Every structure is written in C-alpha cells, then in structure tokens.
file structure17.cif (mmCIF, C-alpha atoms and all ligand atoms)
data_target
#
loop_
_atom_site.group_PDB
_atom_site.id
_atom_site.type_symbol
_atom_site.label_atom_id
_atom_site.label_comp_id
_atom_site.auth_asym_id
_atom_site.auth_seq_id
_atom_site.Cartn_x
_atom_site.Cartn_y
_atom_site.Cartn_z
ATOM 1 C CA MET N 1 -74.284 -14.566 2.884
ATOM 2 C CA SER N 2 -75.178 -18.241 3.120
ATOM 3 C CA ILE N 3 -75.682 -19.711 6.577
ATOM 4 C CA THR N 4 -75.294 -23.396 7.524
ATOM 5 C CA PRO N 5 -76.046 -25.075 10.878
ATOM 6 C CA TRP N 6 -73.022 -26.614 12.597
ATOM 7 C CA ARG N 7 -74.273 -30.218 12.340
ATOM 8 C CA HIS N 8 -73.682 -30.041 8.565
ATOM 9 C CA ILE N 9 -69.985 -29.358 9.162
ATOM 10 C CA ALA N 10 -67.458 -32.173 9.662
ATOM 11 C CA ASN N 11 -64.555 -29.944 10.614
ATOM 12 C CA TRP N 12 -63.107 -26.461 10.278
ATOM 13 C CA ASN N 13 -59.558 -25.226 10.068
ATOM 14 C CA CYS N 14 -58.616 -21.717 9.033
ATOM 15 C CA THR N 15 -56.508 -21.896 5.876
ATOM 16 C CA SER N 16 -55.274 -18.295 6.271
ATOM 17 C CA CYS N 17 -56.818 -17.394 2.898
ATOM 18 C CA GLY N 18 -57.599 -13.905 4.239
ATOM 19 C CA ASP N 19 -60.945 -13.673 2.413
ATOM 20 C CA CYS N 20 -62.928 -12.749 5.527
ATOM 21 C CA CYS N 21 -60.480 -9.908 6.272
ATOM 22 C CA LYS N 22 -60.906 -8.534 2.758
ATOM 23 C CA LEU N 23 -64.697 -8.628 2.583
ATOM 24 C CA TYR N 24 -66.132 -7.591 5.943
ATOM 25 C CA SER N 25 -65.987 -4.550 8.208
ATOM 26 C CA VAL N 26 -65.016 -5.329 11.796
ATOM 27 C CA VAL N 27 -67.208 -3.826 14.522
ATOM 28 C CA LEU N 28 -65.340 -2.943 17.731
ATOM 29 C CA ASN N 29 -66.672 -2.639 21.254
ATOM 30 C CA PHE N 30 -65.348 0.311 23.232
ATOM 31 C CA GLN N 31 -62.574 -1.634 25.034
ATOM 32 C CA GLU N 32 -61.343 -3.130 21.759
ATOM 33 C CA TRP N 33 -61.386 0.307 20.131
ATOM 34 C CA LEU N 34 -59.408 1.777 23.061
ATOM 35 C CA ARG N 35 -56.723 -0.937 22.898
ATOM 36 C CA ILE N 36 -56.244 -0.404 19.162
ATOM 37 C CA VAL N 37 -56.152 3.383 19.509
ATOM 38 C CA LYS N 38 -53.516 3.158 22.268
ATOM 39 C CA SER N 39 -51.287 0.813 20.248
ATOM 40 C CA PHE N 40 -51.813 1.934 16.649
ATOM 41 C CA GLY N 41 -53.502 5.330 16.703
ATOM 42 C CA VAL N 42 -57.078 6.494 16.233
ATOM 43 C CA GLU N 43 -56.508 6.733 12.470
ATOM 44 C CA GLN N 44 -56.695 2.923 12.248
ATOM 45 C CA THR N 45 -60.351 3.068 13.319
ATOM 46 C CA VAL N 46 -63.475 4.600 11.783
ATOM 47 C CA PRO N 47 -66.575 5.877 13.629
ATOM 48 C CA GLY N 48 -69.970 4.911 12.239
ATOM 49 C CA LEU N 49 -73.382 6.290 13.166
ATOM 50 C CA ASP N 50 -73.643 4.135 16.272
ATOM 51 C CA LYS N 51 -70.656 1.763 15.932
ATOM 52 C CA LEU N 52 -66.877 1.800 15.800
ATOM 53 C CA PHE N 53 -65.000 -0.059 13.060
ATOM 54 C CA ILE N 54 -61.467 -0.993 12.071
ATOM 55 C CA LYS N 55 -60.331 1.082 9.112
ATOM 56 C CA ARG N 56 -60.381 -0.624 5.728
ATOM 57 C CA ARG N 57 -57.855 0.002 2.982
ATOM 58 C CA GLU N 58 -58.862 1.276 -0.447
ATOM 59 C CA ASP N 59 -59.163 -2.310 -1.693
ATOM 60 C CA GLY N 60 -61.592 -3.054 1.152
ATOM 61 C CA SER N 61 -59.212 -5.155 3.228
ATOM 62 C CA CYS N 62 -58.712 -4.665 6.948
ATOM 63 C CA ALA N 63 -55.916 -2.250 7.894
ATOM 64 C CA PHE N 64 -54.302 -5.009 9.999
ATOM 65 C CA LEU N 65 -54.161 -7.710 7.334
ATOM 66 C CA SER N 66 -50.662 -8.764 6.269
ATOM 67 C CA SER N 67 -49.741 -11.140 3.459
ATOM 68 C CA PHE N 68 -46.799 -13.485 2.973
ATOM 69 C CA SER N 69 -46.469 -15.645 -0.122
ATOM 70 C CA ASN N 70 -50.225 -15.892 -0.732
ATOM 71 C CA THR N 71 -51.092 -16.593 2.889
ATOM 72 C CA TYR N 72 -52.499 -13.968 5.202
ATOM 73 C CA ALA N 73 -52.026 -13.157 8.852
ATOM 74 C CA CYS N 74 -53.657 -10.816 11.320
ATOM 75 C CA ASN N 75 -51.432 -8.093 12.638
ATOM 76 C CA LEU N 76 -53.595 -7.806 15.764
ATOM 77 C CA GLN N 77 -53.088 -11.409 16.934
ATOM 78 C CA TYR N 78 -52.919 -10.615 20.647
ATOM 79 C CA MET N 79 -55.739 -8.054 20.673
ATOM 80 C CA LYS N 80 -57.899 -9.490 17.925
ATOM 81 C CA PRO N 81 -61.519 -8.239 18.263
ATOM 82 C CA ARG N 82 -64.075 -10.805 19.365
ATOM 83 C CA ALA N 83 -65.942 -10.496 16.061
ATOM 84 C CA CYS N 84 -62.789 -11.814 14.352
ATOM 85 C CA GLN N 85 -62.079 -14.462 17.007
ATOM 86 C CA ILE N 86 -65.418 -16.182 16.497
ATOM 87 C CA TRP N 87 -65.632 -15.805 12.723
ATOM 88 C CA PRO N 88 -67.003 -17.696 10.703
ATOM 89 C CA PHE N 89 -69.388 -18.957 13.414
ATOM 90 C CA LYS N 90 -72.505 -17.276 14.740
ATOM 91 C CA ILE N 91 -73.343 -18.300 18.295
ATOM 92 C CA LEU N 92 -76.882 -17.334 19.213
ATOM 93 C CA THR N 93 -79.421 -17.973 21.957
ATOM 94 C CA ARG N 94 -82.248 -18.394 19.424
ATOM 95 C CA PRO N 95 -82.534 -20.332 16.165
ATOM 96 C CA SER N 96 -82.601 -17.092 14.192
ATOM 97 C CA PHE N 97 -81.549 -18.754 10.922
ATOM 98 C CA GLY N 98 -83.839 -21.798 11.254
ATOM 99 C CA TYR N 99 -82.588 -25.423 11.384
ATOM 100 C CA GLY N 100 -83.462 -25.571 15.111
ATOM 101 C CA THR N 101 -82.356 -29.207 15.528
ATOM 102 C CA GLU N 102 -79.214 -29.052 13.386
ATOM 103 C CA ALA N 103 -78.092 -25.757 14.924
ATOM 104 C CA ALA N 104 -78.764 -26.654 18.603
ATOM 105 C CA TYR N 105 -75.639 -26.892 20.776
ATOM 106 C CA HIS N 106 -75.512 -27.594 24.502
ATOM 107 C CA TYR N 107 -72.844 -25.908 26.576
ATOM 108 C CA GLY N 108 -73.303 -26.804 30.243
ATOM 109 C CA GLU N 109 -76.786 -25.623 31.143
ATOM 110 C CA HIS N 110 -76.919 -23.278 28.177
ATOM 111 C CA GLY N 111 -78.900 -24.101 25.056
ATOM 112 C CA LEU N 112 -77.321 -22.333 22.103
ATOM 113 C CA TYR N 113 -77.695 -22.305 18.328
ATOM 114 C CA ILE N 114 -74.574 -22.302 16.171
ATOM 115 C CA TYR N 115 -74.381 -21.463 12.491
ATOM 116 C CA VAL N 116 -71.484 -20.877 10.136
ATOM 117 C CA ASP N 117 -71.000 -18.533 7.184
ATOM 118 C CA SER N 118 -70.424 -20.884 4.267
ATOM 119 C CA MET N 119 -68.175 -18.421 2.373
ATOM 120 C CA CYS N 120 -65.296 -19.572 4.606
ATOM 121 C CA SER N 121 -62.956 -21.885 2.707
ATOM 122 C CA GLY N 122 -61.849 -23.672 5.889
ATOM 123 C CA LEU N 123 -65.090 -25.668 6.204
ATOM 124 C CA LYS N 124 -65.353 -29.391 5.501
ATOM 125 C CA TYR N 125 -68.928 -30.599 5.111
ATOM 126 C CA GLY N 126 -70.198 -33.862 6.557
ATOM 127 C CA THR N 127 -70.841 -35.432 9.932
ATOM 128 C CA PRO N 128 -69.153 -33.457 12.727
ATOM 129 C CA THR N 129 -65.989 -35.077 14.068
ATOM 130 C CA PRO N 130 -65.780 -35.408 17.877
ATOM 131 C CA GLU N 131 -62.861 -32.944 17.870
ATOM 132 C CA PHE N 132 -64.882 -30.333 15.993
ATOM 133 C CA ALA N 133 -68.031 -30.805 18.091
ATOM 134 C CA HIS N 134 -66.413 -31.008 21.519
ATOM 135 C CA GLN N 135 -63.185 -29.018 21.258
ATOM 136 C CA THR N 136 -63.288 -26.511 18.395
ATOM 137 C CA LEU N 137 -66.901 -25.409 18.868
ATOM 138 C CA LYS N 138 -66.487 -25.393 22.655
ATOM 139 C CA GLU N 139 -63.607 -22.941 22.273
ATOM 140 C CA PHE N 140 -65.703 -20.708 19.983
ATOM 141 C CA VAL N 141 -68.540 -20.739 22.538
ATOM 142 C CA GLU N 142 -66.203 -19.910 25.426
ATOM 143 C CA ILE N 143 -64.758 -16.953 23.501
ATOM 144 C CA ALA N 144 -68.199 -15.734 22.434
ATOM 145 C CA THR N 145 -69.492 -15.884 25.998
ATOM 146 C CA GLY N 146 -66.385 -14.265 27.498
ATOM 147 C CA PHE N 147 -65.138 -17.325 29.442
ATOM 148 C CA ARG N 148 -61.821 -17.353 27.587
ATOM 149 C CA ASN N 149 -59.792 -15.071 25.361
ATOM 150 C CA ASN N 150 -56.823 -17.145 24.241
ATOM 151 C CA GLN N 151 -57.220 -18.971 20.952
ATOM 152 C CA HIS N 152 -55.933 -22.469 20.315
ATOM 153 C CA LYS N 153 -58.212 -24.118 17.738
ATOM 154 C CA THR N 154 -60.109 -21.043 16.599
ATOM 155 C CA THR N 155 -57.411 -19.231 14.661
ATOM 156 C CA GLY N 156 -55.264 -19.696 11.563
ATOM 157 C CA LYS N 157 -52.339 -22.118 11.464
ATOM 158 C CA ILE N 158 -50.034 -19.267 10.466
ATOM 159 C CA SER N 159 -48.741 -17.635 13.614
ATOM 160 C CA LEU N 160 -46.022 -15.047 13.715
ATOM 161 C CA PRO N 161 -43.519 -14.434 16.500
ATOM 162 C CA ARG N 162 -44.183 -11.314 18.551
ATOM 163 C CA PRO N 163 -41.062 -9.389 17.427
ATOM 164 C CA TYR N 164 -42.092 -9.830 13.788
ATOM 165 C CA LEU N 165 -45.580 -8.639 14.608
ATOM 166 C CA SER N 166 -44.104 -5.518 16.178
ATOM 167 C CA LEU N 167 -42.270 -4.747 12.965
ATOM 168 C CA LEU N 168 -45.473 -5.282 11.015
ATOM 169 C CA SER N 169 -47.276 -2.934 13.374
ATOM 170 C CA LEU N 170 -44.848 -0.176 12.537
ATOM 171 C CA SER N 171 -45.050 -0.790 8.806
ATOM 172 C CA THR N 172 -48.869 -0.822 8.952
ATOM 173 C CA ARG N 173 -48.878 2.490 10.779
ATOM 174 C CA SER N 174 -46.535 4.153 8.312
ATOM 175 C CA HIS N 175 -48.529 2.819 5.384
ATOM 176 C CA TYR N 176 -51.078 5.641 5.801
HETATM 177 S S1 LIG N 201 -61.608 -17.877 8.647
HETATM 178 FE FE1 LIG N 201 -62.129 -18.801 6.663
HETATM 179 S S2 LIG N 201 -62.308 -17.077 5.219
HETATM 180 FE FE2 LIG N 201 -61.196 -16.335 7.043
HETATM 181 S S3 LIG N 201 -58.991 -16.610 6.587
HETATM 182 FE FE3 LIG N 201 -59.672 -18.465 7.660
HETATM 183 S S4 LIG N 201 -60.269 -19.913 6.017
HETATM 184 FE FE4 LIG N 201 -60.170 -17.850 5.089
HETATM 185 S S1 LIG N 202 -58.382 -7.613 12.803
HETATM 186 FE FE1 LIG N 202 -57.207 -9.325 11.986
HETATM 187 S S2 LIG N 202 -58.656 -11.035 11.847
HETATM 188 FE FE2 LIG N 202 -59.850 -9.148 12.053
HETATM 189 S S3 LIG N 202 -60.321 -8.514 9.937
HETATM 190 FE FE3 LIG N 202 -58.427 -7.458 10.565
HETATM 191 S S4 LIG N 202 -56.728 -8.775 9.852
HETATM 192 FE FE4 LIG N 202 -58.631 -9.999 9.841
#
call {"tool": "encode", "arguments": {"input": "structure17.cif", "output": "structure tokens"}}
result
Amino acid sequence: MSITPWRHIANWNCTSCGDCCKLYSVVLNFQEWLRIVKSFGVEQTVPGLDKLFIKRREDGSCAFLSSFSNTYACNLQYMKPRACQIWPFKILTRPSFGYGTEAAYHYGEHGLYIYVDSMCSGLKYGTPTPEFAHQTLKEFVEIATGFRNNQHKTTGKISLPRPYLSLLSLSTRSHY
C-alpha cells in the first residue's frame, strides 16, 4: 500500500475499474451488517475474530461486485458500507502517514489529515483543482464524519437503475 497526501492530487474520478473491490476485504459495522443480512442473507457476510466482513468470492472479489463489458459496478449502491464510500481516501484526525502540511485539510473548525491510496487508477497527480479540494474532498469528509450518506462526487460514473440492481441482487444470491 502506497499512501499519498491529498495536496499531491489534482483530481479524482472513479473509473469503475473494480480493482479495489477485487483486492480488499470490506469491514462492516453492526448496522451495515444487519442491513446486508436482511436484504441478502447472512451467507453474504463473514465473521472475523473481532470484525464482520462482506464475503469474498473464490477469486478474492467482493460478493457484490458485478461486471459489464469490462466495467464494474457495486450491487450494494444504496447501502454501500462507509469503508467503500470513502475509498480510496483516508480521513484522519492525526497525520499518521506523515506529510503534515500536504495532508492537512480544514473542514469548518475541524483540522483533519487526508491521504489517498495510490493504487487507485482514478487519481490524477498535480496541483489540486478547486473542484477536487472544495467539493469532492468535502463530500468524502462529510460521509466519513456521518454528516451525509448520499454520494454525488464520491462514487463511480457507472450507475445502474434500481430495477436492474434488484435483478442483480437475486442473481448474486443464487450464485452461491
Ligand atoms: S475507486 Fe479507484 S480502484 Fe476502485 S473502482 Fe474506482 S478507480 Fe478503480
Ligand atoms: S460493497 Fe460494493 S463498493 Fe464495496 S467492495 Fe463490494 S462491490 Fe465494491
């Protein structure tokens, strides 16, 4: 994992490459776990020693990842766990990964430190654009701190209509 402070990033847009959904386990809080269990069944989750996770397929990908012509979409769009909503950014109250000046971000009275996982292919490096600094990152911070849940700039460009997602939900469930 390679971590970069946000001031090294010009802009970010999810390209729906699906890489993050193939490589990482998703940790769920209890409410997220309950919502998934009610809608998709407990078999789509996995208990760890002290954490709950989304089940991964044999190839390592998330059980809710769907693909269409080499682009990928999340089958949990409207109940996506917070860990997925704020990926690939890490929003912290301390400069845990260094770069104190380049990672510092002010949100109201709050002093935060924002980093990004550089494995994400949606990153463009350079001087942050005003849109990235003041709109995209603001949305990530508001989701991370619980002030908002709906995603506008913080998700992939590929969005699927709800009826189609319902069909995908059924096919995902019967896959196992
Ligand atoms: S967040 Fe990044 S790694 Fe994940 S699907 Fe989007 S572009 Fe790919
Ligand atoms: S829940 Fe959705 S966004 Fe999160 S890893 Fe699974 S497919 Fe990707």
call {"tool": "resolve_selection", "arguments": {"input": "structure17.cif", "expression": "the PyMOL selection byres (((chain N and resi 137) around 10) and not hetatm)", "output": "MDAnalysis selection string"}}
result
chainID N and resid 6 11:12 86 89 91 105 107 114 131:136 138:143 153:154
call {"tool": "residues_around", "arguments": {"input": "structure17.cif", "residues": "Phe97 (chain N)", "least_positions_apart": "4", "cutoff": "9 Å", "atoms": "all atoms listed in the file", "output": "PDB file with C-alpha atoms, in the coordinates of the input"}}
result
ATOM      1  CA  ILE N   3     -75.682 -19.711   6.577  1.00  0.00           C
ATOM      2  CA  THR N   4     -75.294 -23.396   7.524  1.00  0.00           C
ATOM      3  CA  PRO N   5     -76.046 -25.075  10.878  1.00  0.00           C
ATOM      4  CA  ALA N 103     -78.092 -25.757  14.924  1.00  0.00           C
ATOM      5  CA  TYR N 115     -74.381 -21.463  12.491  1.00  0.00           C
TER       6      TYR N 115
END
call {"tool": "residues_near_ligand", "arguments": {"input": "structure17.cif", "ligand": "ligand LIG 201 (chain N)", "cutoff": "12 Å", "atoms": "all atoms listed in the file", "output": "JSON, numbers by chain"}}
result
{"N": [11, 12, 13, 14, 15, 16, 17, 18, 19, 20, 21, 22, 23, 24, 61, 62, 65, 66, 67, 70, 71, 72, 73, 74, 83, 84, 85, 86, 87, 88, 89, 116, 117, 118, 119, 120, 121, 122, 123, 124, 153, 154, 155, 156, 157, 158]}
call {"tool": "closest_residue", "arguments": {"input": "structure17.cif", "among": "N:Gln77, N:Asn29, N:Ser39, N:Ser69", "to": "ligand LIG 202 (chain N)", "atoms": "all atoms listed in the file"}}
result
N:Gln77
call {"tool": "atom_distance", "arguments": {"input": "structure17.cif", "atom1": "atom S4 of ligand LIG 202 (chain N)", "atom2": "CA of Arg57 (chain N)"}}
result
11.2 Å
call {"tool": "resolve_selection", "arguments": {"input": "structure17.cif", "expression": "the PyMOL selection byres (((chain N and resi 7) around 8) and not hetatm)", "output": "number ranges by chain"}}
result
N: 5-6, 8-10, 102-103, 126-128
call {"tool": "atom_distance", "arguments": {"input": "structure17.cif", "atom1": "CA of Asp59 (chain N)", "atom2": "atom S4 of ligand LIG 202 (chain N)"}}
result
13.5 Å
call {"tool": "residues_around", "arguments": {"input": "structure17.cif", "residues": "Val46 (chain N)", "least_positions_apart": "3", "cutoff": "10 Å", "atoms": "only C-alpha atoms", "output": "list in words"}}
result
Val27, Leu28, Trp33, Val42, Glu43, Lys51, Leu52, Phe53, Ile54, Lys55 and Arg56 of chain N
call {"tool": "atom_distance", "arguments": {"input": "structure17.cif", "atom1": "CA of Asn149 (chain N)", "atom2": "CA of Ser96 (chain N)"}}
result
25.5 Å
call {"tool": "resolve_selection", "arguments": {"input": "structure17.cif", "expression": "the PyMOL selection byres (((chain N and resi 79) around 9) and not hetatm)", "output": "list in words"}}
result
Glu32, Arg35, Ile36, Leu76, Gln77, Tyr78, Lys80, Pro81 and Arg82 of chain N
call {"tool": "axis_aligned_box", "arguments": {"input": "structure17.cif", "around": "ligand LIG 202 (chain N)", "padding_each_side": "3 Å", "output": "lines of an AutoDock Vina configuration file"}}
result
center_x = -58.5
center_y = -9.2
center_z = 11.3
size_x = 9.6
size_y = 9.6
size_z = 9.0
call {"tool": "closest_residue", "arguments": {"input": "structure17.cif", "among": "N:Ala144, N:Leu92, N:Leu49, N:Ala63", "to": "ligand LIG 202 (chain N)", "atoms": "only C-alpha atoms and all ligand atoms"}}
result
N:Ala63
call {"tool": "closest_residue", "arguments": {"input": "structure17.cif", "among": "N:Val26, N:Gly100, N:Thr93, N:Pro130", "to": "Leu112 (chain N)", "atoms": "only C-alpha atoms"}}
result
N:Thr93
call {"tool": "closest_residue", "arguments": {"input": "structure17.cif", "among": "N:Gln31, N:Thr101, N:Ser25, N:Thr145", "to": "ligand LIG 202 (chain N)", "atoms": "only C-alpha atoms and all ligand atoms"}}
result
N:Ser25
call {"tool": "closest_residue", "arguments": {"input": "structure17.cif", "among": "N:Arg148, N:Gly111, N:Lys90, N:Gln44", "to": "ligand LIG 202 (chain N)", "atoms": "all atoms listed in the file"}}
result
N:Gln44
call {"tool": "closest_residue", "arguments": {"input": "structure17.cif", "among": "N:His152, N:Tyr125, N:Asn75, N:Arg94", "to": "ligand LIG 202 (chain N)", "atoms": "all atoms listed in the file"}}
result
N:Asn75
